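This report refers to the structure that appears directly beneath it.
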Amino acid sequence: MKQITCCLLGIVCATGLARADDVASSLERLEKRNAALERRVRQLETTTLAEDIEGYLGQNAAKGAEGSTDLLPGGLAVRLSGEIRIREEILDRVYSPGDPAGARSVEFTRMRTRLRFDIDVLENLGVVIEFQDIRLWGDEGSTIGDSEGVDLKRAMMIFKNVGGAPLTIEAGRFVMAYGDQRLIGHLEWFDQGRTYDGLRAMYHPEDWWIDAFVVRVRETVTPDDDQWFAGLYGGRDWFEAYVLLFSDDMARAGELSTDDTRFATLGFRIHDKRGTWDYTLEVAFQSGDVNGDDLSAFAFAAGGGFTFEDAAGKPRVGLLVAYASGDDSPANGDQETFQTLYPTNHLHYGRADVIGWGNILDIAATVKASPSVRVTLLLELHHFRVAEEAGPWIHAGGGVIRTGAPGVGEELGNEIDFSVIIKPNKKLSFLIQYALFLPGDFVDNTGDDPTTHAIYLQGRVKF
């Protein structure tokens, strides 16, 4: 108000056209008007008008998803997002369950296209629909052909704040990933990724959380050989624990009989960062039946690292040991090989994807640095040994590459991986990755032992 007064007095003095009593009268009227406006603002603040406006904006604003928000007729808020990912793969003598000798070399380019719609139907009711198309360049044989199809990546109903509690329920097809993804992962490295059909309830108060889910992985009618997966997974800042149940009605041949599979996985994970040090530990136990064999298995992964915060590029050096039990007597009806469930193994046991978390000892050293905010370099060194030389060599996909035998040796091999990640901005990224797997005695004494090379060149745009 003093500024207004000084301004008015300045005008009067400059022009000499206004009288002092006119100025005083104008100031008095201005004071009354300001007071009336202030009373009106206080009245609005004490009514529900402000709450109604905030509620409307909160309901129709984009929350977390990428892309823009458009209000459709009827007040629906729609967020559109998606991606195009193109990856060239050059694979030379890569071992797999379908090619245990590592005889083949292939080169191909695969493209993944996704389009996702997040729709706010009501304040606490949402729908997510995501389409994806996966194709090999040139796979159709002609640009006028169409041998590929579009699939559903996600299709789910989302119920939020159920009963006024911090409870969310998802029903339909959704994606799950927990912890380090050693047991439950989204498998986004694989072009299709991994999705689950079923129900999930997520109770997330402020200081802790717990998820409960039941999903159907496979449905068959004749015969009725379904596969189910259910569990409880919860934790807080530095600690997680889980109970996972796996059921497969399809009878397969075990060591002494043929039967279905039922087993439970119990485990926990701790992880934290203290200053320049970080560490992680995960331990899991399994018990039940696998193809009629009694299952008793366990696994752990423990590691840590140190980051040189004051050095150029802030390099981090790390060491990790991952172990999963194997079967020392493959013909006694007792199964001791750890079952890998639904992981994202490309993150952990070498980028050549020839190793899974079963009958394995992996000792890994890593060096990671960022010479600029847009470039990250990663060097990984792995030494692989089978936990039991009589047990199988487990692939990253969980299948068996080769069976072992007493006396073949425990060394599976060594792997050197080098990755370059370039992110010009948050929407665009490039990946250059090279993996070299050098077979050891176990591979040499059970068949052919060629050296494996894997090269990946990837570009990705998200919107």
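Here's how to read the names in the structure tokens: chain A, B, ... by the order shown, residue numbers from 1 in each chain, ligand numbers from 1 in the order shown.
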
- Task: Could you give me, as a ChimeraX atom specification, the residues within 8 Å of A:Phe213, counting only C-alpha atoms and dropping anything in the same chain fewer than 2 positions from it?
- Result: /A:198-201,211,215,230-232

- Query: Which residues come within 7 Å of A:Thr258, counting only C-alpha atoms, excluding same-chain residues fewer than 2 positions away, as JSON, numbers by chain?
  - Reply: {"A": [251, 252, 253, 254, 291, 292]}

Selection export as a short mmCIF file (atom, residue, chain, number, x, y, z; two decimals), in the first residue's frame, atoms kept: C-alpha atoms:
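Now in selection.cif:
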```
data_model
loop_
_atom_site.label_atom_id
_atom_site.label_comp_id
_atom_site.auth_asym_id
_atom_site.auth_seq_id
_atom_site.Cartn_x
_atom_site.Cartn_y
_atom_site.Cartn_z
CA ALA A 251 3.63 -84.32 -15.66
CA ARG A 252 7.22 -84.73 -16.82
CA ALA A 253 9.83 -87.40 -16.32
CA GLY A 254 11.89 -87.02 -13.18
CA ASN A 291 8.53 -83.95 -11.66
CA GLY A 292 8.03 -86.41 -8.82
#
```

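Across the model, the gap from atom CA of A:Tyr242 to atom CA of A:Gly193 is 22.7 Å.
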
Please tabulate, as a tab-separated table, the residues of stretch 320-406 of chain A that come within 8 Å of stretch 79-102 of chain A, each with its closest pair of atoms and the distance in Å to one decimal, counting only C-alpha atoms and ordering rows by chain, then residue number upward.
```
residue	atom	partner	partner_atom	distance
A:Ala352	CA	A:Val94	CA	7.4
A:Val354	CA	A:Tyr95	CA	6.2
A:His395	CA	A:Ser96	CA	6.5
A:Gly399	CA	A:Pro97	CA	6.0
A:Val400	CA	A:Pro97	CA	5.6
A:Ile401	CA	A:Pro97	CA	4.3
A:Arg402	CA	A:Pro100	CA	6.4
```

- Looking at A:Phe308, A:Phe437, A:Trp357, A:Phe117, which one is nearest to A:Leu381, with distances taken over only C-alpha atoms? A:Phe437

- Message: Please determine, counting only C-alpha atoms, which residue among A:Met157, A:Leu245, A:Met250, A:Ala212 has the shortest atom-to-atom distance to A:Asp224.
- Response: A:Met250

- Query: Which parts of stretch 130-286 of chain A does DSSP call strand (DSSP E) when run on the backbone here, written out as a ChimeraX atom specification?
  - Reply: /A:130-136,150-159,167-174,196-203,209-218,227-235,239-253,258-274,277-286
